[in-house]
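Colleague: Please find one structure pasted underneath; my questions will follow.
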Amino acid sequence: MDNENLEIEIPSIESLREELEREESRYSFRRTLLSIAGVLVVAAAVAVLMATRLFILIRINGDSMKPTLENEEIVFLRQTKDIETGDIVGFYYGGKILLKRAIGDGGDYIDIDQEGNVYVNGKKIDEPYLDKKNLGRCELDFPYQVPEDMIFVLGDNRAVSLDSRIKSIGCVEEGQIVGKVAIRAWPPERIGSVH
């Protein structure tokens with residue numbers, strides 16, 4: 001073979017720069033993808049941890065909490081036993097979690113008149129979350145004293161809600177309580193805290 005016929009083409013500085021930019025771009029793209037994947041894995045792990053230890057995701061099924069909570073909405077229930085009057089609590093009943101509003105604690109006297117006004121220890125409570133007051137279905141004689149270590153609960157849609165007014169459900173024991181509604185997660189136009 002004749003060495004004189006072999007020509008070695010030396011790339012120009014410009015073509016070397018272009019090749020270097022392509023390689024750096026590929027490396028940068030891979031690094032970005034790995035970073036995004038890492039962030040997604042961490043976010044998923046945090047979400048799973050929060051969902052199993054701090055929050056429970058619940059889809060509303062029914063109209064007993066209208067207008068506060070609508071059918072098919074999705075809410076986060078924060079796991080806690082620290083319940084205050086007015087909170088929407090989640091509790092186990094019949095293998096399901098029901099959501100109702102805490103009205104009175106153990107020892108409180110509850111009274112509901114024919115117009116649906118609710119009194120706790122003789123004082124009428126303000127209920128701005130109701131569309132319409134209603135006595136609804138009731139199997140109790142009023143005034144009713146809430147047993148110790150229990151909570152009296154009512155749905156916001158009193159005409160259809162099955163709650164502490166019904167003897168089969170009755171007051172909620174502290175051991176039944178899962179937590180309280182913290183945030184509405186769906187639909188997007190109603191995302192936010194729940195009162």
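Chain lettering (A, B, ...) mirrors the order of the structure tokens, residue numbering begins at 1 for each chain separately, and ligand numbering begins at 1 in order of display.
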Taking 2 positions as the minimum chain separation for residues in the same chain, which residues sit within 12 Å of Ser168 of chain A when counting only C-alpha atoms? Answer as a PDB file with N, CA and C atoms, in the first residue's frame.
Modeller:
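Listed below is the output, result28.pdb:
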```pdb
ATOM      1  N   TYR A  93     -68.103   2.899  60.162  1.00  0.00           N
ATOM      2  CA  TYR A  93     -69.448   2.388  60.428  1.00  0.00           C
ATOM      3  C   TYR A  93     -69.775   1.363  59.354  1.00  0.00           C
ATOM      4  N   GLY A  94     -70.058   0.145  59.749  1.00  0.00           N
ATOM      5  CA  GLY A  94     -70.430  -0.898  58.802  1.00  0.00           C
ATOM      6  C   GLY A  94     -69.365  -1.189  57.755  1.00  0.00           C
ATOM      7  N   CYS A 138     -85.576  11.345  62.599  1.00  0.00           N
ATOM      8  CA  CYS A 138     -85.037  11.416  63.962  1.00  0.00           C
ATOM      9  C   CYS A 138     -85.721  10.381  64.845  1.00  0.00           C
ATOM     10  N   GLU A 139     -84.924   9.572  65.536  1.00  0.00           N
ATOM     11  CA  GLU A 139     -85.442   8.550  66.442  1.00  0.00           C
ATOM     12  C   GLU A 139     -85.133   8.873  67.897  1.00  0.00           C
ATOM     13  N   LEU A 140     -84.662  10.088  68.177  1.00  0.00           N
ATOM     14  CA  LEU A 140     -84.276  10.470  69.536  1.00  0.00           C
ATOM     15  C   LEU A 140     -85.326  11.352  70.183  1.00  0.00           C
ATOM     16  N   LEU A 162     -78.237  10.203  57.376  1.00  0.00           N
ATOM     17  CA  LEU A 162     -78.386   9.242  58.470  1.00  0.00           C
ATOM     18  C   LEU A 162     -77.193   9.461  59.382  1.00  0.00           C
ATOM     19  N   ASP A 163     -77.463   9.855  60.615  1.00  0.00           N
ATOM     20  CA  ASP A 163     -76.401  10.268  61.527  1.00  0.00           C
ATOM     21  C   ASP A 163     -76.780   9.942  62.963  1.00  0.00           C
ATOM     22  N   SER A 164     -76.327  10.716  63.936  1.00  0.00           N
ATOM     23  CA  SER A 164     -76.574  10.406  65.351  1.00  0.00           C
ATOM     24  C   SER A 164     -78.051  10.469  65.729  1.00  0.00           C
ATOM     25  N   ARG A 165     -78.890  11.028  64.880  1.00  0.00           N
ATOM     26  CA  ARG A 165     -80.336  11.055  65.159  1.00  0.00           C
ATOM     27  C   ARG A 165     -80.964   9.677  64.985  1.00  0.00           C
ATOM     28  N   ILE A 166     -80.260   8.784  64.300  1.00  0.00           N
ATOM     29  CA  ILE A 166     -80.753   7.430  64.031  1.00  0.00           C
ATOM     30  C   ILE A 166     -80.089   6.474  65.023  1.00  0.00           C
ATOM     31  N   GLY A 170     -76.226   6.228  65.871  1.00  0.00           N
ATOM     32  CA  GLY A 170     -75.990   6.798  67.189  1.00  0.00           C
ATOM     33  C   GLY A 170     -74.766   7.690  67.258  1.00  0.00           C
ATOM     34  N   CYS A 171     -74.320   7.932  68.467  1.00  0.00           N
ATOM     35  CA  CYS A 171     -73.125   8.757  68.671  1.00  0.00           C
ATOM     36  C   CYS A 171     -71.884   7.941  68.300  1.00  0.00           C
ATOM     37  N   VAL A 172     -70.832   8.654  67.979  1.00  0.00           N
ATOM     38  CA  VAL A 172     -69.607   8.030  67.505  1.00  0.00           C
ATOM     39  C   VAL A 172     -68.639   7.867  68.666  1.00  0.00           C
TER      40      VAL A 172
END
```
Colleague: Would you please give, as a PyMOL selection string, all residues of segment 27-165 of chain A that DSSP assigns to helix (DSSP H, G or I) based on the backbone?
Modeller: chain A and resi 27-53
Colleague: Write out, as an mmCIF file, in the first residue's frame, the residues just selected, with N, CA and C atoms.
Modeller:
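Ended up saving to part.cif:
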```cif
data_model
loop_
_atom_site.group_PDB
_atom_site.id
_atom_site.type_symbol
_atom_site.label_atom_id
_atom_site.label_comp_id
_atom_site.auth_asym_id
_atom_site.auth_seq_id
_atom_site.Cartn_x
_atom_site.Cartn_y
_atom_site.Cartn_z
ATOM 1 N N TYR A 27 -25.414 14.500 26.942
ATOM 2 C CA TYR A 27 -25.091 14.259 28.352
ATOM 3 C C TYR A 27 -26.011 15.076 29.252
ATOM 4 N N SER A 28 -26.239 16.332 28.913
ATOM 5 C CA SER A 28 -27.112 17.209 29.694
ATOM 6 C C SER A 28 -28.547 16.682 29.698
ATOM 7 N N PHE A 29 -29.025 16.198 28.557
ATOM 8 C CA PHE A 29 -30.373 15.652 28.452
ATOM 9 C C PHE A 29 -30.524 14.431 29.347
ATOM 10 N N ARG A 30 -29.537 13.515 29.304
ATOM 11 C CA ARG A 30 -29.571 12.324 30.165
ATOM 12 C C ARG A 30 -29.552 12.705 31.638
ATOM 13 N N ARG A 31 -28.695 13.659 31.982
ATOM 14 C CA ARG A 31 -28.601 14.106 33.374
ATOM 15 C C ARG A 31 -29.929 14.721 33.829
ATOM 16 N N THR A 32 -30.562 15.503 32.968
ATOM 17 C CA THR A 32 -31.852 16.105 33.298
ATOM 18 C C THR A 32 -32.910 15.032 33.497
ATOM 19 N N LEU A 33 -32.944 14.029 32.604
ATOM 20 C CA LEU A 33 -33.906 12.931 32.752
ATOM 21 C C LEU A 33 -33.699 12.183 34.061
ATOM 22 N N LEU A 34 -32.454 11.908 34.403
ATOM 23 C CA LEU A 34 -32.176 11.215 35.665
ATOM 24 C C LEU A 34 -32.590 12.064 36.858
ATOM 25 N N SER A 35 -32.371 13.355 36.792
ATOM 26 C CA SER A 35 -32.773 14.254 37.878
ATOM 27 C C SER A 35 -34.288 14.261 38.042
ATOM 28 N N ILE A 36 -34.995 14.354 36.922
ATOM 29 C CA ILE A 36 -36.459 14.350 36.966
ATOM 30 C C ILE A 36 -36.962 13.025 37.528
ATOM 31 N N ALA A 37 -36.387 11.917 37.075
ATOM 32 C CA ALA A 37 -36.790 10.602 37.577
ATOM 33 C C ALA A 37 -36.550 10.509 39.082
ATOM 34 N N GLY A 38 -35.419 11.022 39.546
ATOM 35 C CA GLY A 38 -35.126 11.009 40.980
ATOM 36 C C GLY A 38 -36.135 11.819 41.773
ATOM 37 N N VAL A 39 -36.481 12.998 41.279
ATOM 38 C CA VAL A 39 -37.473 13.842 41.956
ATOM 39 C C VAL A 39 -38.823 13.144 41.993
ATOM 40 N N LEU A 40 -39.224 12.504 40.893
ATOM 41 C CA LEU A 40 -40.510 11.806 40.854
ATOM 42 C C LEU A 40 -40.542 10.624 41.819
ATOM 43 N N VAL A 41 -39.451 9.907 41.932
ATOM 44 C CA VAL A 41 -39.395 8.780 42.870
ATOM 45 C C VAL A 41 -39.515 9.277 44.309
ATOM 46 N N VAL A 42 -38.807 10.345 44.631
ATOM 47 C CA VAL A 42 -38.891 10.903 45.988
ATOM 48 C C VAL A 42 -40.306 11.424 46.262
ATOM 49 N N ALA A 43 -40.897 12.138 45.290
ATOM 50 C CA ALA A 43 -42.257 12.661 45.463
ATOM 51 C C ALA A 43 -43.263 11.530 45.655
ATOM 52 N N ALA A 44 -43.109 10.460 44.893
ATOM 53 C CA ALA A 44 -44.010 9.313 45.038
ATOM 54 C C ALA A 44 -43.850 8.669 46.407
ATOM 55 N N ALA A 45 -42.628 8.544 46.876
ATOM 56 C CA ALA A 45 -42.385 7.954 48.198
ATOM 57 C C ALA A 45 -43.003 8.809 49.298
ATOM 58 N N VAL A 46 -42.836 10.122 49.188
ATOM 59 C CA VAL A 46 -43.432 11.039 50.181
ATOM 60 C C VAL A 46 -44.954 10.942 50.130
ATOM 61 N N ALA A 47 -45.529 10.897 48.921
ATOM 62 C CA ALA A 47 -46.982 10.799 48.773
ATOM 63 C C ALA A 47 -47.512 9.506 49.391
ATOM 64 N N VAL A 48 -46.818 8.405 49.156
ATOM 65 C CA VAL A 48 -47.241 7.125 49.732
ATOM 66 C C VAL A 48 -47.137 7.176 51.252
ATOM 67 N N LEU A 49 -46.060 7.737 51.753
ATOM 68 C CA LEU A 49 -45.890 7.855 53.200
ATOM 69 C C LEU A 49 -47.006 8.703 53.805
ATOM 70 N N MET A 50 -47.285 9.836 53.189
ATOM 71 C CA MET A 50 -48.351 10.707 53.706
ATOM 72 C C MET A 50 -49.708 10.027 53.617
ATOM 73 N N ALA A 51 -49.946 9.317 52.519
ATOM 74 C CA ALA A 51 -51.239 8.667 52.333
ATOM 75 C C ALA A 51 -51.462 7.541 53.328
ATOM 76 N N THR A 52 -50.402 6.883 53.741
ATOM 77 C CA THR A 52 -50.572 5.762 54.661
ATOM 78 C C THR A 52 -50.423 6.154 56.119
ATOM 79 N N ARG A 53 -49.726 7.232 56.397
ATOM 80 C CA ARG A 53 -49.466 7.612 57.785
ATOM 81 C C ARG A 53 -50.204 8.866 58.236
#
```
Colleague: From the list A:Thr85, A:Tyr92, A:Pro147, A:Asn61, which residue is nearest Asp126 of chain A when using only C-alpha atoms?
Modeller: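 Nearest candidate to Asp126 of chain A out of A:Thr85, A:Tyr92, A:Pro147, A:Asn61: A:Thr85.
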Colleague: For Val75 of chain A, which residue out of A:Lys100, A:Lys133, A:Arg26, A:Lys180 is the nearest one, using only C-alpha atoms?
Modeller: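 Closest to Val75 of chain A of all the choices is A:Lys180.
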Colleague: Set the distance at 12 Å and use only C-alpha atoms: which residues neighbour Tyr129 of chain A once local chain neighbours fewer than 2 positions away are removed? I'd like the list as a list in words.
Modeller: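 These residues fall inside the cut-off: Met65, Lys66, Pro67, Thr68, Leu69, Gly86, Asp87, Ile88, Arg101, Ile125, Asp126, Glu127, Asp131, Lys132, Lys133, Gly155, Asp156, Asn157, Arg158, Val194 and His195 of chain A.
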Colleague: Residues at most 9 Å from Asp149 of chain A, counting only C-alpha atoms, excluding those fewer than 2 positions away in the same chain, as a list in words?
Modeller: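 Contacts, in chain order: Asp105, Gly106, Gly107, Val146, Pro147, Ile151, Val172, Glu173 and Glu174 of chain A.
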Colleague: Excluding same-chain residues fewer than 5 positions from Phe142 of chain A, what lies within 10 Å of it counting only C-alpha atoms, as an MDAnalysis selection string?
Modeller: chainID A and resid 109:113
Colleague: Compare A:Leu98, A:Ile183, A:Glu189, A:Phe55 by their minimum atom-to-atom distance to Gln79 of chain A, counting only C-alpha atoms, and give me the closest one.
Modeller: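 That would be A:Phe55, the residue with the smallest distance to Gln79 of chain A.
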